[in-house]
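Peer 1: Data file target-v7.txt (compact mmCIF, C-alpha atoms and all ligand atoms) is appended below.
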# COMPACT_ATOMS: atom_id res chain seq x y z
CA MET M 7 8.03 -8.25 -33.99
CA THR M 8 7.53 -4.58 -33.26
CA PRO M 9 8.37 -3.76 -29.63
CA GLU M 10 5.45 -2.31 -27.67
CA THR M 11 5.55 1.36 -26.75
CA SER M 12 2.19 1.55 -25.05
CA GLY M 13 2.88 2.83 -21.52
CA LEU M 14 0.63 0.15 -20.05
CA PRO M 15 -1.03 0.54 -16.65
CA LEU M 16 0.41 -1.65 -13.89
CA PRO M 17 -2.15 -4.07 -12.47
CA ASP M 18 -1.69 -4.67 -8.75
CA GLU M 19 -0.75 -8.30 -9.31
CA LEU M 20 2.07 -7.50 -11.75
CA PRO M 21 5.46 -7.95 -10.05
CA PRO M 22 7.86 -4.99 -9.94
CA PHE M 23 10.45 -6.86 -12.02
CA ARG M 24 10.91 -9.83 -14.30
CA ARG M 25 13.89 -12.15 -13.98
CA HIS M 26 15.01 -13.79 -17.23
CA ASP M 27 17.08 -16.84 -16.33
CA PRO M 28 19.71 -18.37 -18.59
CA ALA M 29 18.43 -20.68 -21.31
CA VAL M 30 21.79 -22.52 -21.33
CA PRO M 31 24.26 -23.32 -18.50
CA ALA M 32 24.77 -20.16 -16.45
CA ILE M 33 27.86 -17.98 -16.59
CA PRO M 34 28.74 -15.39 -13.92
CA LEU M 35 27.14 -12.51 -15.81
CA VAL M 36 24.08 -10.59 -14.63
CA LEU M 37 22.46 -7.69 -16.49
CA ASP M 38 19.85 -5.36 -15.14
CA SER M 39 17.64 -2.81 -16.87
CA PRO M 40 16.27 -0.53 -14.14
CA HIS M 41 14.77 2.22 -16.30
CA SER M 42 12.96 0.52 -19.19
CA GLY M 43 9.69 -0.22 -17.31
CA GLU M 44 6.58 1.03 -19.10
CA HIS M 45 3.72 -0.25 -16.94
CA TYR M 46 2.35 2.89 -15.24
CA PRO M 47 0.82 2.40 -11.76
CA ASP M 48 -2.71 3.78 -11.35
CA ASP M 49 -1.64 6.13 -8.54
CA PHE M 50 1.06 7.84 -10.66
CA ASP M 51 -0.93 11.06 -11.14
CA HIS M 52 1.73 12.99 -13.00
CA LEU M 53 0.90 16.47 -14.26
CA PRO M 54 2.49 16.50 -17.75
CA PRO M 55 1.06 14.34 -20.53
CA ARG M 56 2.13 10.68 -20.47
CA ALA M 57 4.18 11.15 -23.64
CA GLU M 58 6.32 13.76 -21.92
CA VAL M 59 6.75 11.68 -18.74
CA ARG M 60 7.78 8.67 -20.83
CA ARG M 61 10.84 10.55 -22.06
CA ALA M 62 12.40 9.62 -18.69
CA GLU M 63 12.30 5.92 -19.67
CA ASP M 64 15.21 4.02 -21.13
CA THR M 65 12.58 2.62 -23.51
CA HIS M 66 13.39 -0.75 -25.20
CA VAL M 67 16.61 -1.33 -23.24
CA ALA M 68 15.57 -4.66 -21.67
CA ARG M 69 14.36 -5.83 -25.11
CA LEU M 70 17.63 -4.79 -26.76
CA TYR M 71 19.48 -7.17 -24.40
CA ARG M 72 16.98 -10.03 -24.73
CA GLY M 73 19.67 -12.23 -26.32
CA ALA M 74 21.62 -12.32 -23.04
CA PRO M 75 19.84 -15.31 -21.37
CA ALA M 76 20.55 -17.45 -24.47
CA ARG M 77 24.24 -16.78 -23.75
CA GLY M 78 24.10 -17.87 -20.09
CA ALA M 79 23.48 -14.48 -18.50
CA THR M 80 20.66 -13.53 -16.12
CA LEU M 81 18.65 -10.39 -16.91
CA ILE M 82 16.62 -8.48 -14.31
CA GLU M 83 14.10 -6.11 -15.88
CA ALA M 84 12.17 -3.42 -13.98
CA LEU M 85 8.53 -3.24 -15.11
CA PHE M 86 7.56 0.05 -13.42
CA PRO M 87 8.55 3.48 -14.77
CA ARG M 88 11.69 5.21 -13.64
CA ALA M 89 9.91 8.57 -13.26
CA TYR M 90 7.66 6.97 -10.59
CA LEU M 91 10.55 5.66 -8.52
CA ASP M 92 14.19 5.62 -9.59
CA VAL M 93 15.94 2.53 -8.24
CA ASN M 94 19.27 3.95 -9.40
CA ARG M 95 19.23 6.43 -6.51
CA SER M 96 19.97 6.03 -2.80
CA LEU M 97 17.02 5.87 -0.42
CA ALA M 98 18.18 9.16 1.13
CA ASP M 99 18.19 11.03 -2.21
CA ILE M 100 14.79 12.59 -1.54
CA ASP M 101 13.64 16.15 -2.10
CA PRO M 102 11.69 17.22 1.03
CA ALA M 103 9.91 19.84 -1.12
CA LEU M 104 7.97 16.96 -2.76
CA LEU M 105 6.35 15.88 0.49
CA SER M 106 3.41 17.27 2.47
CA ASP M 107 4.71 15.81 5.72
CA ALA M 108 8.06 15.03 7.30
CA TRP M 109 10.18 12.11 6.08
CA PRO M 110 11.11 10.05 9.16
CA ASP M 111 14.53 8.86 7.95
CA ALA M 112 17.76 10.72 7.27
CA LEU M 113 17.87 12.70 4.01
CA ALA M 114 20.95 13.21 1.84
CA PRO M 115 19.74 14.94 -1.33
CA SER M 116 22.37 14.64 -4.07
CA ARG M 117 22.98 16.73 -7.16
CA LYS M 118 20.39 14.49 -8.90
CA THR M 119 17.74 15.76 -6.48
CA GLU M 120 18.88 19.35 -7.15
CA GLN M 121 18.35 18.60 -10.85
CA GLY M 122 14.82 17.36 -10.08
CA ILE M 123 15.66 13.69 -10.78
CA GLY M 124 16.28 12.10 -7.37
CA LEU M 125 14.62 8.96 -5.97
CA VAL M 126 11.25 10.45 -6.93
CA TRP M 127 11.44 12.89 -9.81
CA ARG M 128 10.26 16.44 -9.06
CA LEU M 129 10.58 17.51 -12.69
CA ALA M 130 9.70 15.84 -15.96
CA ARG M 131 12.15 15.87 -18.88
CA GLY M 132 11.89 19.37 -20.27
CA GLY M 133 11.83 20.94 -16.81
CA GLY M 134 8.09 21.13 -15.92
CA PRO M 135 6.82 19.92 -12.50
CA MET M 136 5.96 16.18 -12.31
CA TYR M 137 3.12 16.62 -9.80
CA GLY M 138 0.32 19.09 -9.20
CA ARG M 139 0.22 18.23 -5.49
CA PRO M 140 2.60 17.22 -2.70
CA LEU M 141 3.07 13.49 -2.07
CA THR M 142 2.61 12.04 1.40
CA ALA M 143 5.42 10.26 3.22
CA ALA M 144 3.18 7.17 3.34
CA GLU M 145 2.84 7.18 -0.48
CA LEU M 146 6.58 7.39 -0.91
CA ARG M 147 7.10 4.63 1.65
CA ARG M 148 4.71 2.41 -0.30
CA ARG M 149 6.62 2.98 -3.54
CA ILE M 150 9.85 2.04 -1.80
CA ASP M 151 8.37 -1.11 -0.22
CA ARG M 152 6.52 -2.22 -3.35
CA TYR M 153 9.17 -1.45 -6.01
CA TYR M 154 12.60 -0.38 -4.72
CA VAL M 155 13.15 -3.05 -2.08
CA PRO M 156 12.09 -6.04 -4.25
CA TYR M 157 14.09 -4.79 -7.26
CA HIS M 158 17.28 -4.40 -5.25
CA ALA M 159 16.71 -7.74 -3.53
CA ALA M 160 16.24 -9.50 -6.90
CA LEU M 161 19.44 -8.04 -8.32
CA ALA M 162 21.44 -8.76 -5.15
CA SER M 163 20.20 -12.32 -5.08
CA ALA M 164 21.07 -12.97 -8.76
CA LEU M 165 24.57 -11.55 -8.21
CA ASP M 166 25.07 -13.51 -4.98
CA GLU M 167 23.99 -16.79 -6.63
CA ARG M 168 26.54 -16.45 -9.41
CA HIS M 169 29.27 -15.21 -7.06
CA ARG M 170 28.70 -18.26 -4.84
CA GLN M 171 28.75 -20.58 -7.84
CA PHE M 172 31.81 -19.13 -9.60
CA GLY M 173 33.74 -17.09 -7.00
CA ALA M 174 33.31 -13.92 -9.06
CA VAL M 175 30.53 -12.13 -10.89
CA TRP M 176 30.27 -9.47 -13.59
CA HIS M 177 27.30 -7.10 -13.62
CA ILE M 178 26.25 -4.87 -16.51
CA ASN M 179 23.82 -2.12 -15.52
CA CYS M 180 22.00 -1.28 -18.77
CA HIS M 181 20.71 2.19 -19.65
CA SER M 182 20.08 4.55 -22.54
CA MET M 183 20.63 8.29 -22.78
CA PRO M 184 19.28 11.18 -24.83
CA ALA M 185 21.46 11.95 -27.86
CA VAL M 186 21.89 15.52 -26.60
CA GLY M 187 22.12 16.60 -22.94
CA ASP M 188 18.79 18.05 -21.76
CA ALA M 189 17.64 20.46 -19.06
CA ASN M 190 18.00 17.85 -16.26
CA ALA M 191 21.57 16.89 -17.25
CA ASP M 192 25.06 18.06 -16.33
CA ASP M 193 25.81 18.75 -20.00
CA PRO M 194 22.79 20.56 -21.51
CA GLY M 195 23.04 20.97 -25.26
CA ARG M 196 26.01 18.64 -25.69
CA GLU M 197 26.01 15.77 -28.20
CA ARG M 198 26.77 12.42 -26.58
CA ALA M 199 28.98 9.56 -27.76
CA ASP M 200 27.35 6.34 -29.03
CA PHE M 201 28.11 4.66 -25.71
CA VAL M 202 29.14 5.96 -22.30
CA LEU M 203 30.65 3.42 -19.87
CA GLY M 204 30.52 4.25 -16.17
CA ASP M 205 32.68 2.59 -13.50
CA ARG M 206 32.72 5.52 -11.08
CA ASP M 207 36.29 6.37 -12.07
CA GLY M 208 37.59 2.83 -11.89
CA THR M 209 36.07 1.93 -8.51
CA THR M 210 33.17 -0.42 -9.35
CA CYS M 211 34.94 -2.96 -11.58
CA ASP M 212 38.37 -4.03 -12.71
CA ARG M 213 39.56 -1.39 -15.20
CA ALA M 214 40.39 -4.23 -17.60
CA PHE M 215 36.65 -5.01 -17.84
CA THR M 216 35.78 -1.42 -18.72
CA ALA M 217 38.59 -1.37 -21.29
CA PHE M 218 37.45 -4.68 -22.79
CA VAL M 219 33.86 -3.49 -23.24
CA ALA M 220 35.09 -0.18 -24.70
CA GLU M 221 37.35 -1.99 -27.19
CA THR M 222 34.62 -4.44 -28.19
CA LEU M 223 32.15 -1.62 -28.89
CA ALA M 224 34.78 0.41 -30.72
CA GLY M 225 35.43 -2.70 -32.84
CA CYS M 226 31.76 -2.57 -33.90
CA GLY M 227 32.37 1.00 -35.12
CA TYR M 228 30.95 2.96 -32.16
CA ASP M 229 32.52 5.90 -30.39
CA VAL M 230 32.78 5.25 -26.67
CA ALA M 231 33.29 7.67 -23.78
CA ILE M 232 34.20 6.58 -20.25
CA ASN M 233 32.76 8.23 -17.12
CA ASP M 234 31.77 11.31 -19.16
CA PRO M 235 29.11 12.55 -18.56
CA TYR M 236 27.77 9.44 -16.76
CA LYS M 237 29.91 7.72 -14.12
CA GLY M 238 27.28 5.32 -12.80
CA VAL M 239 25.06 5.91 -9.76
CA GLU M 240 23.51 3.76 -7.03
CA LEU M 241 23.28 0.32 -8.67
CA VAL M 242 26.95 0.01 -9.65
CA ARG M 243 28.03 1.81 -6.47
CA ARG M 244 26.10 -0.67 -4.34
CA HIS M 245 27.07 -3.87 -6.17
CA GLY M 246 30.55 -3.17 -7.53
CA ARG M 247 33.32 -4.35 -5.18
CA PRO M 248 36.15 -5.44 -7.46
CA ALA M 249 38.39 -6.49 -4.54
CA ASP M 250 35.73 -9.13 -3.73
CA GLY M 251 35.41 -10.30 -7.34
CA ARG M 252 32.21 -8.28 -7.91
CA HIS M 253 32.50 -6.15 -11.05
CA SER M 254 29.76 -3.66 -11.95
CA LEU M 255 29.80 -1.54 -15.09
CA GLN M 256 27.15 0.88 -16.31
CA ILE M 257 26.52 1.01 -20.07
CA GLU M 258 24.60 3.96 -21.52
CA VAL M 259 23.62 3.66 -25.18
CA ASN M 260 22.64 6.69 -27.25
CA ARG M 261 18.87 6.52 -27.93
CA ALA M 262 19.27 7.97 -31.42
CA LEU M 263 20.98 4.69 -32.41
CA TYR M 264 17.74 2.75 -31.96
CA MET M 265 14.66 4.94 -31.59
CA ASP M 266 12.91 8.16 -32.46
CA GLU M 267 13.27 10.09 -29.21
CA ALA M 268 10.01 12.00 -29.76
CA THR M 269 7.73 9.01 -30.45
CA LEU M 270 9.82 6.26 -28.72
CA ALA M 271 9.26 4.10 -31.81
CA PRO M 272 12.20 1.90 -32.87
CA ASN M 273 14.06 3.37 -35.83
CA ALA M 274 15.95 1.75 -38.70
CA GLY M 275 19.00 1.25 -36.47
CA TYR M 276 17.23 -0.90 -33.87
CA ALA M 277 18.00 -4.32 -35.40
CA LYS M 278 21.67 -3.50 -35.99
CA LEU M 279 22.10 -2.32 -32.40
CA GLU M 280 20.36 -5.41 -31.04
CA GLY M 281 22.74 -7.59 -33.08
CA ASP M 282 25.79 -5.64 -31.92
CA LEU M 283 24.70 -5.95 -28.27
CA ALA M 284 24.36 -9.72 -28.75
CA ARG M 285 27.93 -9.74 -30.11
CA LEU M 286 29.01 -7.71 -27.07
CA ILE M 287 27.45 -10.29 -24.72
CA ASP M 288 29.21 -13.09 -26.63
CA ALA M 289 32.52 -11.28 -26.17
CA VAL M 290 31.85 -10.58 -22.47
CA ALA M 291 30.87 -14.23 -21.97
CA ALA M 292 34.27 -15.28 -23.32
CA PHE M 293 35.95 -12.65 -21.13
CA VAL M 294 34.32 -13.89 -17.91
CA ARG M 295 34.82 -17.59 -18.77
CA ALA M 296 38.55 -16.93 -19.09
CA ARG M 297 38.59 -15.53 -15.54
CA ILE M 298 36.84 -18.28 -13.55
ZN ZN H 1 18.82 4.78 -17.18
Would you put the structure from the file into structure tokens?
Peer 2:
Amino acid sequence: MTPETSGLPLPDELPPFRRHDPAVPAIPLVLDSPHSGEHYPDDFDHLPPRAEVRRAEDTHVARLYRGAPARGATLIEALFPRAYLDVNRSLADIDPALLSDAWPDALAPSRKTEQGIGLVWRLARGGGPMYGRPLTAAELRRRIDRYYVPYHAALASALDERHRQFGAVWHINCHSMPAVGDANADDPGRERADFVLGDRDGTTCDRAFTAFVAETLAGCGYDVAINDPYKGVELVRRHGRPADGRHSLQIEVNRALYMDEATLAPNAGYAKLEGDLARLIDAVAAFVRARI
């Protein structure tokens, strides 16, 4: 089956996320794909063409991990686009220059906001402005209430369920990255590794978990970097508390391994990567079973 790349509109009744529950007895492993949503809400009146805005997506990532529920894992998949609202940012990571009126809560714009890619993106990939008008605080509040809050609640609840059941839980936060650093990145012009693992310098999971995933991927023939240039952002920061048996690891896969970055169409490497990710989940399943 050819994965869709349509950039579908988001009907009001469509939920902000889909939860894929295990098809076999559950293991304490939860994956989430926060950036692969491709259903575009009607009120997302971005200025650049849709094709340019879609370059912000981690297109196909939830589909690449679709073998996980057959291995006992739970997969939470965002359905809305990351350029509309980025759930991998803190709620204070807002650029006041985007808004026509004052934001009532405290602001703490991070370097991501400086780069134009905070909670709501000011810039599209390539550096052009995302909007031709300021947004209202009420519009932003609606995006948070409709998308951010339910997504985070769904992920927290899946992690809590497994932690209650098993006393520990492992979380893989699934992303993809451009093959070469672009204008919004910390490393413009630099070629990336096949995979970049992010544990915020060893703080969001047991280092043995990061090392195990790195070794497994290296065993499949990939080159793997750790915390360079991506360390992980809000989702692993919020959910990773290794001292409490909550292990969160971000995995970034190089888009050139599976798609044409200009058209978003799967390339000849897609099926091999999907198979290798299924092997990774098998290995991680054995890893977590040995620790409960
Ligand atoms: Zn991502």
Peer 1: Find the distance between atom CA of M:Leu70 and atom CA of M:Asp166 and write it in Å to one decimal.
Peer 2: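 Separating atom CA of M:Leu70 from atom CA of M:Asp166 is a distance of 24.6 Å.
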Peer 1: Compute the distance from (21.1, -6.3, -15.2) to each atom, counting only C-alpha atoms, keep the residues with any atom at most 10 Å away, and return them as a VMD selection string; use the coordinates of the file.
Peer 2: chain M and resid 25 to 26 35 to 40 68 71 74 79 to 84 161 164 to 165 176 to 181 241 254 to 256
Peer 1: Excluding M:Tyr154 and residues on its chain fewer than 4 positions from it, collect all residues at most 9 Å away from it, counting all atoms listed in the file, and give them as number ranges by chain.
Peer 2: M: 22, 91-93, 97, 149-150, 158-159
Peer 1: Would you work out the distance separating atom CA of M:Val219 from atom CA of M:Ala162, expressed in Å to one decimal?
Peer 2: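 Those two atoms sit 22.6 Å apart.
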Peer 1: Identify, counting only C-alpha atoms and all ligand atoms, the protein, DNA and RNA residues located within 6 Å of ligand ZN 1 (chain H), and give them as JSON, numbers by chain.
Peer 2: {"M": [41, 64, 181, 182]}
Peer 1: Got a sec: who's within 12 Å of M:Arg95, counting all atoms listed in the file, leaving out chain neighbours fewer than 3 positions off, as a VMD selection string?
Peer 2: chain M and resid 40 to 41 88 to 89 91 to 92 98 to 100 114 to 119 123 to 127 150 154 158 238 to 244
Peer 1: Output the selection as a PDB file, in the frame of the given file - C-alpha atoms for each residue.
Peer 2:
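Heads up, here's the output in result-v5.pdb:
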ATOM      1  CA  PRO M  40      16.270  -0.530 -14.140  1.00  0.00           C
ATOM      2  CA  HIS M  41      14.770   2.220 -16.300  1.00  0.00           C
ATOM      3  CA  ARG M  88      11.690   5.210 -13.640  1.00  0.00           C
ATOM      4  CA  ALA M  89       9.910   8.570 -13.260  1.00  0.00           C
ATOM      5  CA  LEU M  91      10.550   5.660  -8.520  1.00  0.00           C
ATOM      6  CA  ASP M  92      14.190   5.620  -9.590  1.00  0.00           C
ATOM      7  CA  ALA M  98      18.180   9.160   1.130  1.00  0.00           C
ATOM      8  CA  ASP M  99      18.190  11.030  -2.210  1.00  0.00           C
ATOM      9  CA  ILE M 100      14.790  12.590  -1.540  1.00  0.00           C
ATOM     10  CA  ALA M 114      20.950  13.210   1.840  1.00  0.00           C
ATOM     11  CA  PRO M 115      19.740  14.940  -1.330  1.00  0.00           C
ATOM     12  CA  SER M 116      22.370  14.640  -4.070  1.00  0.00           C
ATOM     13  CA  ARG M 117      22.980  16.730  -7.160  1.00  0.00           C
ATOM     14  CA  LYS M 118      20.390  14.490  -8.900  1.00  0.00           C
ATOM     15  CA  THR M 119      17.740  15.760  -6.480  1.00  0.00           C
ATOM     16  CA  ILE M 123      15.660  13.690 -10.780  1.00  0.00           C
ATOM     17  CA  GLY M 124      16.280  12.100  -7.370  1.00  0.00           C
ATOM     18  CA  LEU M 125      14.620   8.960  -5.970  1.00  0.00           C
ATOM     19  CA  VAL M 126      11.250  10.450  -6.930  1.00  0.00           C
ATOM     20  CA  TRP M 127      11.440  12.890  -9.810  1.00  0.00           C
ATOM     21  CA  ILE M 150       9.850   2.040  -1.800  1.00  0.00           C
ATOM     22  CA  TYR M 154      12.600  -0.380  -4.720  1.00  0.00           C
ATOM     23  CA  HIS M 158      17.280  -4.400  -5.250  1.00  0.00           C
ATOM     24  CA  GLY M 238      27.280   5.320 -12.800  1.00  0.00           C
ATOM     25  CA  VAL M 239      25.060   5.910  -9.760  1.00  0.00           C
ATOM     26  CA  GLU M 240      23.510   3.760  -7.030  1.00  0.00           C
ATOM     27  CA  LEU M 241      23.280   0.320  -8.670  1.00  0.00           C
ATOM     28  CA  VAL M 242      26.950   0.010  -9.650  1.00  0.00           C
ATOM     29  CA  ARG M 243      28.030   1.810  -6.470  1.00  0.00           C
ATOM     30  CA  ARG M 244      26.100  -0.670  -4.340  1.00  0.00           C
TER      31      ARG M 244
END
Peer 1: In Å, with one decimal, what is the gap from atom CA of M:Phe201 to atom CA of M:Ala130?
Peer 2: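 These atoms are spaced 23.6 Å apart.
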Peer 1: In terms of the shortest atom-to-atom distance over all atoms listed in the file, which of M:Tyr157, M:Tyr46, M:Tyr137, M:Phe172 is closest to M:Arg24?
Peer 2: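 Distance minimum relative to M:Arg24 lands on M:Tyr157.
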Peer 1: Which one is closest to M:Arg77: M:Ala224, M:Ala103, M:Val202, M:Ala29? Count only C-alpha atoms.
Peer 2: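 Comparing M:Ala224, M:Ala103, M:Val202, M:Ala29 against M:Arg77, the winner is M:Ala29.
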Peer 1: Which residues are close to M:Ser42, i.e. within 6 Å by only C-alpha atoms, leaving aside same-chain residues fewer than 5 positions away? Reply as a ChimeraX atom specification.
Peer 2: /M:63-65,67
Peer 1: In terms of the shortest atom-to-atom distance over only C-alpha atoms, which of M:Pro184, M:Ala189, M:Ala231, M:Pro140 is closest to M:Leu270?
Peer 2: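 Between M:Pro184, M:Ala189, M:Ala231, M:Pro140, the residue approaching M:Leu270 most closely is M:Pro184.
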Peer 1: Would you please work out which residue, of M:Ala262, M:Ala76, M:Ala32, M:Leu223, is nearest to M:His169 when using all atoms listed in the file?
Peer 2: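 Of the candidates, the smallest distance to M:His169 is held by M:Ala32.
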Peer 1: Quick one: of M:Arg247, M:Arg139, M:Leu279, M:Arg72, who's nearest to M:Tyr264, counting only C-alpha atoms?
Peer 2: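 Answer, going by the shortest atom-to-atom distance: M:Leu279.
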